[in-house]
$ cat data25.txt   # compact mmCIF, C-alpha atoms
# COMPACT_ATOMS: atom_id res chain seq x y z
CA MET K 1 0.00 0.00 0.00
CA PRO K 2 1.50 3.39 -0.97
CA ALA K 3 2.06 6.01 1.70
CA LEU K 4 -0.86 8.43 1.53
CA PRO K 5 -1.18 11.82 3.22
CA ASP K 6 -3.47 12.34 6.19
CA PHE K 7 -7.03 13.17 5.18
CA PRO K 8 -6.86 16.98 5.33
CA TRP K 9 -10.39 17.67 6.60
CA ASP K 10 -9.63 15.77 9.80
CA SER K 11 -7.38 18.66 10.81
CA LEU K 12 -10.36 21.04 10.81
CA ALA K 13 -11.93 19.36 13.85
CA PRO K 14 -10.66 21.90 16.45
CA PHE K 15 -11.90 24.83 14.35
CA ALA K 16 -15.26 23.12 13.85
CA THR K 17 -15.55 22.63 17.61
CA ARG K 18 -14.87 26.33 18.19
CA ALA K 19 -17.39 27.37 15.51
CA ARG K 20 -20.09 25.16 17.05
CA GLU K 21 -19.77 27.10 20.31
CA HIS K 22 -21.35 30.15 18.68
CA ALA K 23 -24.69 31.01 20.27
CA ASP K 24 -26.48 30.66 16.91
CA GLY K 25 -24.59 27.52 15.90
CA ILE K 26 -22.05 26.79 13.19
CA VAL K 27 -22.20 28.02 9.60
CA ASP K 28 -20.27 25.32 7.75
CA LEU K 29 -18.84 26.73 4.51
CA SER K 30 -15.94 24.28 4.42
CA VAL K 31 -17.19 21.65 1.96
CA GLY K 32 -18.98 21.74 -1.37
CA SER K 33 -21.71 19.29 -0.43
CA PRO K 34 -25.16 20.29 -1.73
CA VAL K 35 -27.81 21.23 0.83
CA ASP K 36 -30.77 21.71 -1.53
CA PRO K 37 -33.22 18.93 -2.46
CA THR K 38 -32.59 16.55 -5.33
CA PRO K 39 -34.98 17.60 -8.12
CA ASP K 40 -38.29 15.73 -8.29
CA VAL K 41 -37.71 14.72 -11.91
CA VAL K 42 -34.57 12.86 -10.84
CA ARG K 43 -36.06 11.31 -7.71
CA ASP K 44 -39.07 10.09 -9.68
CA ALA K 45 -36.79 8.41 -12.21
CA LEU K 46 -34.85 6.71 -9.40
CA ILE K 47 -38.05 5.44 -7.78
CA ALA K 48 -39.35 4.09 -11.08
CA ALA K 49 -36.12 2.11 -11.55
CA THR K 50 -35.94 0.46 -8.12
CA ASP K 51 -36.81 -2.97 -9.50
CA ALA K 52 -33.13 -3.51 -10.25
CA HIS K 53 -33.00 -7.31 -10.09
CA ALA K 54 -30.37 -7.77 -12.83
CA TYR K 55 -26.73 -6.74 -12.86
CA PRO K 56 -26.31 -3.28 -14.40
CA GLN K 57 -23.96 -2.63 -17.29
CA THR K 58 -20.52 -1.24 -16.50
CA MET K 59 -20.58 0.68 -19.77
CA GLY K 60 -23.93 2.19 -18.86
CA THR K 61 -27.34 1.53 -20.36
CA PRO K 62 -27.83 2.59 -23.98
CA ALA K 63 -30.25 5.26 -22.69
CA LEU K 64 -27.64 6.72 -20.35
CA ARG K 65 -24.83 6.72 -22.89
CA GLU K 66 -27.08 8.40 -25.44
CA ALA K 67 -28.16 10.98 -22.83
CA ILE K 68 -24.51 11.81 -22.11
CA VAL K 69 -23.81 12.28 -25.81
CA ARG K 70 -26.91 14.52 -26.13
CA TRP K 71 -25.86 16.55 -23.10
CA TYR K 72 -22.40 17.28 -24.51
CA ALA K 73 -23.98 18.41 -27.77
CA ARG K 74 -26.68 20.56 -26.16
CA ARG K 75 -24.86 22.02 -23.17
CA ARG K 76 -21.19 21.97 -24.18
CA GLY K 77 -21.33 22.36 -27.96
CA VAL K 78 -19.39 19.11 -28.39
CA THR K 79 -20.28 16.51 -31.02
CA LEU K 80 -19.02 13.11 -29.90
CA PRO K 81 -18.58 10.41 -32.55
CA SER K 82 -20.62 7.70 -30.77
CA VAL K 83 -21.62 6.29 -27.40
CA ASP K 84 -18.24 4.53 -27.35
CA ALA K 85 -16.78 7.91 -26.37
CA VAL K 86 -18.60 8.04 -22.98
CA LEU K 87 -18.64 6.01 -19.78
CA PRO K 88 -20.52 6.52 -16.48
CA THR K 89 -18.58 6.39 -13.21
CA ILE K 90 -19.41 6.09 -9.51
CA GLY K 91 -19.01 9.80 -8.89
CA SER K 92 -16.00 11.67 -10.21
CA LYS K 93 -13.70 11.38 -7.19
CA GLU K 94 -13.19 7.64 -7.64
CA LEU K 95 -12.25 8.21 -11.26
CA VAL K 96 -9.81 10.98 -10.34
CA GLY K 97 -8.23 8.76 -7.71
CA LEU K 98 -8.07 5.64 -9.89
CA LEU K 99 -7.44 6.99 -13.40
CA PRO K 100 -3.63 6.66 -13.26
CA LEU K 101 -4.06 3.03 -12.23
CA LEU K 102 -6.72 2.40 -14.89
CA LEU K 103 -4.40 3.81 -17.58
CA ASP K 104 -1.39 1.77 -16.38
CA VAL K 105 0.51 4.80 -15.12
CA GLY K 106 3.11 3.71 -12.58
CA ALA K 107 6.67 3.85 -11.33
CA GLY K 108 8.85 6.04 -13.53
CA ASP K 109 5.87 8.07 -14.74
CA THR K 110 4.84 11.59 -13.79
CA VAL K 111 1.29 12.84 -13.24
CA VAL K 112 0.98 16.63 -13.61
CA HIS K 113 -1.75 18.57 -11.84
CA PRO K 114 -2.51 22.27 -11.20
CA GLU K 115 -0.35 24.12 -8.69
CA THR K 116 -3.38 25.01 -6.55
CA ALA K 117 -5.50 21.90 -6.68
CA TYR K 118 -7.92 19.39 -5.27
CA PRO K 119 -5.60 16.92 -3.45
CA THR K 120 -7.00 13.75 -5.05
CA TYR K 121 -4.97 14.32 -8.24
CA ALA K 122 -1.76 13.74 -6.26
CA VAL K 123 -3.36 10.92 -4.27
CA GLY K 124 -4.22 9.13 -7.53
CA ALA K 125 -0.58 9.33 -8.61
CA ALA K 126 0.50 7.91 -5.23
CA ILE K 127 -1.95 5.00 -5.50
CA ALA K 128 -0.44 4.10 -8.88
CA GLY K 129 3.15 4.50 -7.64
CA ALA K 130 3.81 7.46 -9.94
CA ARG K 131 5.28 10.87 -9.13
CA ALA K 132 2.97 13.88 -8.84
CA VAL K 133 4.20 17.28 -10.05
CA ALA K 134 2.28 20.53 -9.54
CA ALA K 135 2.89 22.70 -12.62
CA ASP K 136 0.60 25.09 -14.47
CA ASP K 137 3.16 26.05 -17.13
CA PRO K 138 3.44 23.37 -19.85
CA ASP K 139 7.12 24.28 -20.25
CA ALA K 140 7.62 22.89 -16.73
CA TRP K 141 6.01 19.51 -17.45
CA PRO K 142 8.66 16.75 -17.16
CA ASP K 143 9.61 14.66 -20.19
CA ASN K 144 8.26 11.50 -18.52
CA THR K 145 4.79 12.98 -18.01
CA THR K 146 2.17 10.39 -18.95
CA LEU K 147 -0.97 12.00 -17.50
CA VAL K 148 -1.92 15.68 -17.17
CA TRP K 149 -4.83 16.85 -15.03
CA LEU K 150 -6.47 20.19 -15.69
CA ASN K 151 -9.32 21.57 -13.58
CA SER K 152 -11.32 24.29 -15.29
CA PRO K 153 -13.36 25.69 -13.61
CA GLY K 154 -10.94 25.15 -10.78
CA ASN K 155 -11.37 23.91 -7.24
CA PRO K 156 -10.58 25.80 -5.02
CA THR K 157 -9.80 28.93 -7.02
CA GLY K 158 -12.75 29.11 -9.41
CA SER K 159 -10.35 30.04 -12.21
CA VAL K 160 -11.22 29.28 -15.84
CA LEU K 161 -9.00 28.32 -18.78
CA ASP K 162 -10.26 29.75 -22.08
CA ALA K 163 -10.13 27.83 -25.36
CA GLY K 164 -6.69 29.17 -26.25
CA ALA K 165 -5.20 28.14 -22.90
CA LEU K 166 -6.79 24.70 -23.15
CA ARG K 167 -5.52 24.26 -26.69
CA ALA K 168 -1.95 25.15 -25.69
CA ARG K 169 -2.04 22.53 -22.96
CA VAL K 170 -3.51 19.86 -25.22
CA ASP K 171 -0.74 20.53 -27.75
CA ALA K 172 1.91 20.32 -25.03
CA ALA K 173 0.54 17.03 -23.68
CA ARG K 174 0.43 15.51 -27.14
CA ALA K 175 4.04 16.55 -27.74
CA LEU K 176 4.97 14.56 -24.62
CA GLY K 177 2.79 11.60 -25.59
CA ALA K 178 0.69 12.17 -22.44
CA VAL K 179 -3.03 11.77 -21.83
CA ILE K 180 -4.67 15.06 -20.81
CA VAL K 181 -7.87 15.22 -18.77
CA ASN K 182 -9.95 18.21 -17.71
CA ASP K 183 -12.02 17.86 -14.54
CA GLU K 184 -15.02 20.00 -15.52
CA CYS K 185 -17.57 19.33 -12.77
CA TYR K 186 -18.28 23.05 -12.14
CA ALA K 187 -18.81 23.89 -15.82
CA GLU K 188 -22.48 24.89 -15.41
CA LEU K 189 -21.63 27.35 -12.61
CA GLY K 190 -19.97 30.28 -14.36
CA TRP K 191 -20.50 33.71 -12.80
CA GLU K 192 -18.56 36.17 -14.95
CA ALA K 193 -18.62 36.97 -18.66
CA PRO K 194 -18.53 35.24 -21.05
CA PHE K 195 -19.70 32.27 -18.99
CA ALA K 196 -22.43 33.84 -16.88
CA ASP K 197 -25.09 32.66 -19.33
CA ARG K 198 -23.50 29.51 -20.77
CA PRO K 199 -21.34 26.62 -19.59
CA VAL K 200 -17.57 27.03 -19.38
CA THR K 201 -15.56 25.78 -22.40
CA SER K 202 -14.90 22.04 -22.44
CA ILE K 203 -11.54 20.54 -23.34
CA LEU K 204 -13.51 18.64 -26.02
CA ASP K 205 -14.70 21.88 -27.65
CA HIS K 206 -13.93 22.20 -31.36
CA ASP K 207 -12.04 25.45 -30.64
CA VAL K 208 -9.67 23.38 -28.51
CA ILE K 209 -9.19 20.12 -30.43
CA GLY K 210 -11.08 20.63 -33.70
CA GLU K 211 -14.32 18.89 -34.58
CA ALA K 212 -14.64 15.87 -32.29
CA SER K 213 -16.16 13.85 -35.13
CA ALA K 214 -12.97 14.27 -37.15
CA GLY K 215 -10.44 11.45 -37.09
CA GLY K 216 -7.81 11.93 -34.41
CA ALA K 217 -9.26 15.09 -32.87
CA LEU K 218 -10.06 13.33 -29.59
CA ASP K 219 -6.80 11.38 -29.37
CA GLY K 220 -5.40 11.44 -25.85
CA VAL K 221 -8.06 13.85 -24.51
CA LEU K 222 -10.72 13.24 -21.86
CA SER K 223 -13.38 15.31 -20.06
CA VAL K 224 -14.71 14.36 -16.61
CA TYR K 225 -18.06 15.65 -15.37
CA SER K 226 -20.17 15.17 -12.25
CA LEU K 227 -23.89 15.67 -11.60
CA SER K 228 -23.26 16.31 -7.88
CA LYS K 229 -22.98 20.08 -8.29
CA GLN K 230 -25.46 20.93 -11.03
CA SER K 231 -28.21 18.54 -9.91
CA ASN K 232 -27.66 17.99 -6.15
CA LEU K 233 -26.79 14.33 -6.75
CA ALA K 234 -23.75 14.06 -4.50
CA GLY K 235 -25.35 11.18 -2.61
CA TYR K 236 -26.13 9.33 -5.84
CA ARG K 237 -22.46 9.17 -6.93
CA ALA K 238 -23.22 10.04 -10.54
CA ALA K 239 -20.57 11.15 -13.01
CA PHE K 240 -19.01 10.25 -16.34
CA VAL K 241 -15.94 10.52 -18.54
CA ALA K 242 -15.97 11.33 -22.26
CA GLY K 243 -13.50 11.80 -25.09
CA ASP K 244 -11.03 9.55 -26.88
CA PRO K 245 -12.95 6.28 -27.57
CA ALA K 246 -9.75 4.25 -27.36
CA LEU K 247 -8.99 5.58 -23.87
CA VAL K 248 -12.62 5.14 -22.79
CA GLY K 249 -12.39 1.53 -24.00
CA ARG K 250 -9.23 0.92 -21.95
CA ILE K 251 -10.87 2.36 -18.84
CA LEU K 252 -14.01 0.28 -19.44
CA ALA K 253 -12.03 -2.96 -19.80
CA VAL K 254 -10.46 -2.58 -16.34
CA ARG K 255 -13.68 -1.39 -14.72
CA LYS K 256 -15.49 -4.51 -15.99
CA HIS K 257 -13.00 -6.74 -14.18
CA ALA K 258 -13.09 -4.62 -11.01
CA GLY K 259 -16.90 -4.38 -10.87
CA LEU K 260 -16.91 -0.57 -10.87
CA ILE K 261 -20.56 -0.16 -11.92
CA PRO K 262 -22.99 2.67 -11.16
CA PRO K 263 -26.19 1.09 -9.74
CA ALA K 264 -29.00 0.65 -12.24
CA PRO K 265 -31.44 3.07 -10.50
CA VAL K 266 -28.72 5.72 -10.43
CA GLN K 267 -28.15 5.26 -14.15
CA ALA K 268 -31.85 5.87 -14.76
CA ALA K 269 -31.76 8.96 -12.54
CA MET K 270 -28.77 10.28 -14.48
CA VAL K 271 -30.75 10.14 -17.72
CA ALA K 272 -33.48 12.29 -16.16
CA ALA K 273 -30.94 14.78 -14.79
CA LEU K 274 -29.07 15.09 -18.07
CA ASP K 275 -32.21 15.65 -20.12
CA ASP K 276 -33.70 18.37 -17.89
CA ASP K 277 -32.06 21.82 -18.00
CA ALA K 278 -34.70 23.65 -15.94
CA HIS K 279 -33.59 22.32 -12.57
CA VAL K 280 -29.96 23.20 -13.37
CA ALA K 281 -30.91 26.81 -14.08
CA GLY K 282 -32.92 26.95 -10.86
CA GLN K 283 -30.03 25.63 -8.79
CA LYS K 284 -27.60 28.07 -10.39
CA ALA K 285 -29.95 30.92 -9.45
CA ARG K 286 -29.91 29.77 -5.81
CA TYR K 287 -26.13 29.72 -5.76
CA ALA K 288 -25.97 33.12 -7.48
CA HIS K 289 -28.11 34.62 -4.70
CA ARG K 290 -25.92 33.13 -1.96
CA ARG K 291 -22.77 34.12 -3.78
CA GLY K 292 -23.89 37.73 -4.07
CA MET K 293 -24.58 37.91 -0.34
CA LEU K 294 -21.23 36.37 0.61
CA VAL K 295 -19.18 38.42 -1.85
CA ALA K 296 -20.53 41.65 -0.39
CA ALA K 297 -20.06 40.57 3.22
CA ILE K 298 -16.59 39.09 2.75
CA THR K 299 -15.37 42.15 0.89
CA GLN K 300 -16.77 44.49 3.53
CA ALA K 301 -15.00 42.40 6.19
CA GLY K 302 -11.64 43.19 4.61
CA PHE K 303 -11.07 40.14 2.44
CA ARG K 304 -9.86 40.20 -1.16
CA ILE K 305 -11.48 37.66 -3.47
CA ASP K 306 -9.18 36.23 -6.15
CA HIS K 307 -10.35 34.43 -9.31
CA SER K 308 -13.69 32.81 -8.31
CA GLU K 309 -15.21 33.50 -11.73
CA ALA K 310 -16.89 30.07 -11.69
CA GLY K 311 -17.64 27.20 -9.36
CA LEU K 312 -19.01 26.78 -5.86
CA TYR K 313 -16.37 28.65 -3.86
CA LEU K 314 -14.87 32.03 -3.10
CA TRP K 315 -11.06 32.02 -2.96
CA ALA K 316 -10.40 34.76 -0.43
CA THR K 317 -7.53 36.22 1.58
CA ARG K 318 -6.86 38.69 4.40
CA GLY K 319 -3.14 38.69 3.63
CA GLU K 320 -2.25 36.48 6.58
CA PRO K 321 -1.49 32.75 7.06
CA ALA K 322 -4.54 30.71 6.09
CA LEU K 323 -4.95 29.05 9.48
CA GLU K 324 -5.07 32.44 11.19
CA THR K 325 -8.01 33.35 8.97
CA ILE K 326 -9.67 29.99 9.68
CA ALA K 327 -9.35 30.71 13.41
CA TRP K 328 -10.74 34.24 12.93
CA LEU K 329 -13.76 32.82 11.12
CA ALA K 330 -14.25 30.06 13.71
CA GLU K 331 -14.46 32.71 16.43
CA ARG K 332 -17.50 33.99 14.53
CA GLY K 333 -19.01 30.53 14.19
CA ILE K 334 -17.99 30.13 10.52
CA LEU K 335 -16.01 27.16 9.20
CA ALA K 336 -14.10 27.42 5.91
CA ALA K 337 -11.33 25.36 4.29
CA PRO K 338 -7.73 26.63 4.53
CA GLY K 339 -5.74 27.12 1.37
CA THR K 340 -3.07 24.89 2.91
CA PHE K 341 -5.19 21.93 1.77
CA TYR K 342 -4.65 22.97 -1.84
CA GLU K 343 -1.35 24.84 -2.17
CA GLY K 344 0.80 24.08 0.85
CA ASP K 345 1.68 25.55 4.21
CA ALA K 346 2.53 29.03 2.88
CA SER K 347 -1.04 29.68 1.70
CA THR K 348 -2.76 32.90 2.72
CA HIS K 349 -6.11 31.96 1.16
CA VAL K 350 -9.25 30.28 2.43
CA ARG K 351 -11.97 28.55 0.42
CA ILE K 352 -15.48 29.63 1.29
CA ALA K 353 -18.26 27.43 -0.10
CA LEU K 354 -21.64 28.57 -1.38
CA THR K 355 -23.23 25.30 -0.26
CA ALA K 356 -25.23 26.35 2.78
CA THR K 357 -28.90 27.15 3.13
CA ASP K 358 -30.14 30.70 2.62
CA GLU K 359 -30.69 30.95 6.38
CA ARG K 360 -27.12 29.85 7.22
CA VAL K 361 -25.63 32.13 4.57
CA ALA K 362 -27.62 35.03 6.00
CA ALA K 363 -26.25 34.14 9.45
CA ALA K 364 -22.68 34.18 8.10
CA VAL K 365 -23.29 37.55 6.47
CA ALA K 366 -24.59 39.03 9.74
CA ARG K 367 -21.56 37.76 11.65
CA LEU K 368 -19.09 39.06 9.09
CA ARG K 369 -20.69 42.52 9.28

$ encode --input "data25.txt" --output "structure tokens"
Amino acid sequence: MPALPDFPWDSLAPFATRAREHADGIVDLSVGSPVDPTPDVVRDALIAATDAHAYPQTMGTPALREAIVRWYARRRGVTLPSVDAVLPTIGSKELVGLLPLLLDVGAGDTVVHPETAYPTYAVGAAIAGARAVAADDPDAWPDNTTLVWLNSPGNPTGSVLDAGALRARVDAARALGAVIVNDECYAELGWEAPFADRPVTSILDHDVIGEASAGGALDGVLSVYSLSKQSNLAGYRAAFVAGDPALVGRILAVRKHAGLIPPAPVQAAMVAALDDDAHVAGQKARYAHRRGMLVAAITQAGFRIDHSEAGLYLWATRGEPALETIAWLAERGILAAPGTFYEGDASTHVRIALTATDERVAAAVARLR
């Protein structure tokens, strides 16, 4: 078993204890776990599919694979060549953690990930016995790089790579012979132009790789997406990967042997979620309201907000060590995540999530003021 780091959220326990001592209780803005109800259209589909007596298909039902292809065309402007270019997964975190292993990345290989990043990219490299390197600049990617992770929109920063930046990174990965993957699970939650009214650009967009239906355009390129954020399906563990059919086929072959299969009722629920845009727009409006309240209060409290043009978080700083800010917030009954989780001990940022009820967000705003 490879040596893995301590689970970072465990270290928040003392700050959570302090925040819970507030007379009006804790406002937990530390994690991006949805608090709003799962849409009825999705729950109804799950209920209708509960007679799941047969083994589900690892590759996904034809209905689900077709729904994923339709969703990329309708919401991302991406034309995939066939259902062989998509595959459902048991949430996106397991895929992030296991992808190096599934693609036979190992000792002597390097996995590149963003400099400020969700820690599971490095954990996945460790599980496979590979080396993880944090590097945003393609010129700094080592020659033995076999897998590159991008995260646009980013967690925790909310930063977005435009088509030109994505294209430059795809070209650099191909020059190294590396697979490149963009973790896109916040794509429906853009807040600033030009993505306030449309999803953020996918790595599979024709402006990045050319027309996906053209031969070779998808080679070595994958997109990962999750329904946890847009549809409040975190508890369903519902996600998928799309892109190069050859890579999708390799991933599928291993997952068949390992029994990594989304449950049949969840697959049915995913079809309903993917085919209904109304609930996504409604959820985005809820987050926009909470974001507006928090942006105003955090700014008035002396924070500077960096990036944060998309996603479920505000990447904020008071110009002091991150844990000092976490303690300052805990004294006011507010729990956030320190930037040390994402960029090391020298971080001066904290990540403040939008995933709390309107009442709890209003409580945080009052305390910050």

$ residues_around --input "data25.txt" --residues "Leu102 (chain K)" --least-positions-apart "2" --cutoff "8 Å" --atoms "all atoms listed in the file" --output "PDB file with C-alpha atoms, in the coordinates of the input"
ATOM      1  CA  LEU K  98      -8.070   5.640  -9.890  1.00  0.00           C
ATOM      2  CA  LEU K  99      -7.440   6.990 -13.400  1.00  0.00           C
ATOM      3  CA  PRO K 100      -3.630   6.660 -13.260  1.00  0.00           C
ATOM      4  CA  ASP K 104      -1.390   1.770 -16.380  1.00  0.00           C
ATOM      5  CA  VAL K 105       0.510   4.800 -15.120  1.00  0.00           C
ATOM      6  CA  ARG K 250      -9.230   0.920 -21.950  1.00  0.00           C
ATOM      7  CA  ILE K 251     -10.870   2.360 -18.840  1.00  0.00           C
ATOM      8  CA  VAL K 254     -10.460  -2.580 -16.340  1.00  0.00           C
ATOM      9  CA  ARG K 255     -13.680  -1.390 -14.720  1.00  0.00           C
TER      10      ARG K 255
END

$ closest_residue --input "data25.txt" --among "K:Leu204, K:Ala288, K:Ala322, K:Ile180" --to "Leu354 (chain K)" --atoms "only C-alpha atoms"
K:Ala288

$ closest_residue --input "data25.txt" --among "K:Val179, K:Ala122, K:Val170, K:Ala239" --to "Glu94 (chain K)" --atoms "only C-alpha atoms"
K:Ala239

$ closest_residue --input "data25.txt" --among "K:Leu189, K:Ala217, K:Ala67, K:Ala310" --to "Arg286 (chain K)" --atoms "only C-alpha atoms"
K:Leu189

$ closest_residue --input "data25.txt" --among "K:Ala268, K:Ala363, K:Val241, K:Val83" --to "Asp24 (chain K)" --atoms "only C-alpha atoms"
K:Ala363

$ closest_residue --input "data25.txt" --among "K:Met59, K:Val295, K:Ala278, K:Ile352" --to "Gln230 (chain K)" --atoms "only C-alpha atoms"
K:Ala278

$ atom_distance --input "data25.txt" --atom1 "CA of Gln267 (chain K)" --atom2 "CA of Leu64 (chain K)"
6.4 Å

$ atom_distance --input "data25.txt" --atom1 "CA of Thr89 (chain K)" --atom2 "CA of Pro263 (chain K)"
9.9 Å

$ residues_around --input "data25.txt" --residues "Leu247 (chain K)" --least-positions-apart "6" --cutoff "9 Å" --atoms "all atoms listed in the file" --output "NGL selection string"
:K and (85 or 103 or 179 or 219-222)

$ atom_distance --input "data25.txt" --atom1 "CA of Thr146 (chain K)" --atom2 "CA of Ser202 (chain K)"
21.0 Å

$ residues_around --input "data25.txt" --residues "region 155-161 of chain K" --least-positions-apart "3" --cutoff "7 Å" --atoms "all atoms listed in the file" --output "mmCIF file with C-alpha atoms, in the frame of the given file"
data_model
loop_
_atom_site.group_PDB
_atom_site.id
_atom_site.type_symbol
_atom_site.label_atom_id
_atom_site.label_comp_id
_atom_site.auth_asym_id
_atom_site.auth_seq_id
_atom_site.Cartn_x
_atom_site.Cartn_y
_atom_site.Cartn_z
ATOM 1 C CA ALA K 117 -5.500 21.900 -6.680
ATOM 2 C CA TYR K 118 -7.920 19.390 -5.270
ATOM 3 C CA SER K 152 -11.320 24.290 -15.290
ATOM 4 C CA ALA K 165 -5.200 28.140 -22.900
ATOM 5 C CA LEU K 166 -6.790 24.700 -23.150
ATOM 6 C CA HIS K 307 -10.350 34.430 -9.310
ATOM 7 C CA SER K 308 -13.690 32.810 -8.310
ATOM 8 C CA GLU K 309 -15.210 33.500 -11.730
ATOM 9 C CA ALA K 310 -16.890 30.070 -11.690
ATOM 10 C CA GLY K 311 -17.640 27.200 -9.360
ATOM 11 C CA TYR K 313 -16.370 28.650 -3.860
ATOM 12 C CA TRP K 315 -11.060 32.020 -2.960
ATOM 13 C CA ARG K 351 -11.970 28.550 0.420
#

$ closest_residue --input "data25.txt" --among "K:Leu12, K:Ala178, K:Ala196, K:Met270" --to "Arg65 (chain K)" --atoms "only C-alpha atoms"
K:Met270

$ residues_near_point --input "data25.txt" --point "(3.1, 17.6, -10.5)" --cutoff "8 Å" --atoms "all atoms listed in the file" --output "list in words"
Thr110, Val111, Val112, His113, Pro114, Glu115, Ala122, Arg131, Ala132, Val133, Ala134, Ala135 and Trp141 of chain K

$ closest_atom_pairs --input "data25.txt" --of "region 158-195 of chain K" --to "region 279-284 of chain K" --cutoff "10 Å" --atoms "all atoms listed in the file" --output "Markdown table"
| residue | atom | partner | partner_atom | distance |
| --- | --- | --- | --- | --- |
| K:Glu188 | CA | K:Lys284 | CA | 7.8 |
| K:Leu189 | CA | K:Lys284 | CA | 6.4 |
| K:Gly190 | CA | K:Lys284 | CA | 8.9 |
| K:Trp191 | CA | K:Lys284 | CA | 9.4 |

$ residues_near_point --input "data25.txt" --point "(-21.7, 20.1, -0.8)" --cutoff "6 Å" --atoms "all atoms listed in the file" --output "number ranges by chain"
K: 31-34, 355

$ closest_atom_pairs --input "data25.txt" --of "region 265-345 of chain K" --to "region 42-52 of chain K" --cutoff "6 Å" --atoms "only C-alpha atoms" --output "JSON lines"
{"residue": "K:Pro265", "atom": "CA", "partner": "K:Ala49", "partner_atom": "CA", "distance": 4.9}
{"residue": "K:Ala269", "atom": "CA", "partner": "K:Leu46", "partner_atom": "CA", "distance": 4.9}
{"residue": "K:Ala272", "atom": "CA", "partner": "K:Val42", "partner_atom": "CA", "distance": 5.5}
{"residue": "K:Ala273", "atom": "CA", "partner": "K:Val42", "partner_atom": "CA", "distance": 5.7}

$ axis_aligned_box --input "data25.txt" --around "region 67-72 of chain K" --padding-each-side "3 Å" --output "lines of an AutoDock Vina configuration file"
center_x = -25.3
center_y = 14.1
center_z = -24.1
size_x = 11.8
size_y = 12.3
size_z = 10.0

$ build_atoms --input "data25.txt" --residues "region 107-111 of chain K" --atoms "all heavy atoms" --output "CSV table (one decimal), in the frame of the given file"
chain,number,residue,atom,x,y,z
K,107,ALA,N,5.3,3.4,-11.7
K,107,ALA,CA,6.7,3.8,-11.3
K,107,ALA,C,7.4,4.3,-12.6
K,107,ALA,O,7.4,3.7,-13.6
K,107,ALA,CB,7.4,2.7,-10.7
K,108,GLY,N,8.1,5.5,-12.4
K,108,GLY,CA,8.8,6.0,-13.5
K,108,GLY,C,8.0,7.0,-14.3
K,108,GLY,O,8.6,7.7,-15.2
K,109,ASP,N,6.7,7.1,-14.0
K,109,ASP,CA,5.9,8.1,-14.7
K,109,ASP,C,5.6,9.3,-13.9
K,109,ASP,O,5.6,9.2,-12.6
K,109,ASP,CB,4.5,7.4,-15.1
K,109,ASP,CG,4.7,6.3,-16.1
K,109,ASP,OD1,5.6,6.4,-17.0
K,109,ASP,OD2,3.9,5.3,-16.0
K,110,THR,N,5.2,10.4,-14.5
K,110,THR,CA,4.8,11.6,-13.8
K,110,THR,C,3.4,12.0,-14.1
K,110,THR,O,3.0,11.9,-15.3
K,110,THR,CB,5.8,12.8,-14.2
K,110,THR,OG1,7.1,12.5,-13.7
K,110,THR,CG2,5.3,14.1,-13.6
K,111,VAL,N,2.6,12.3,-13.1
K,111,VAL,CA,1.3,12.8,-13.2
K,111,VAL,C,1.4,14.3,-12.9
K,111,VAL,O,1.7,14.7,-11.8
K,111,VAL,CB,0.3,12.1,-12.3
K,111,VAL,CG1,-1.1,12.8,-12.4
K,111,VAL,CG2,0.2,10.6,-12.7
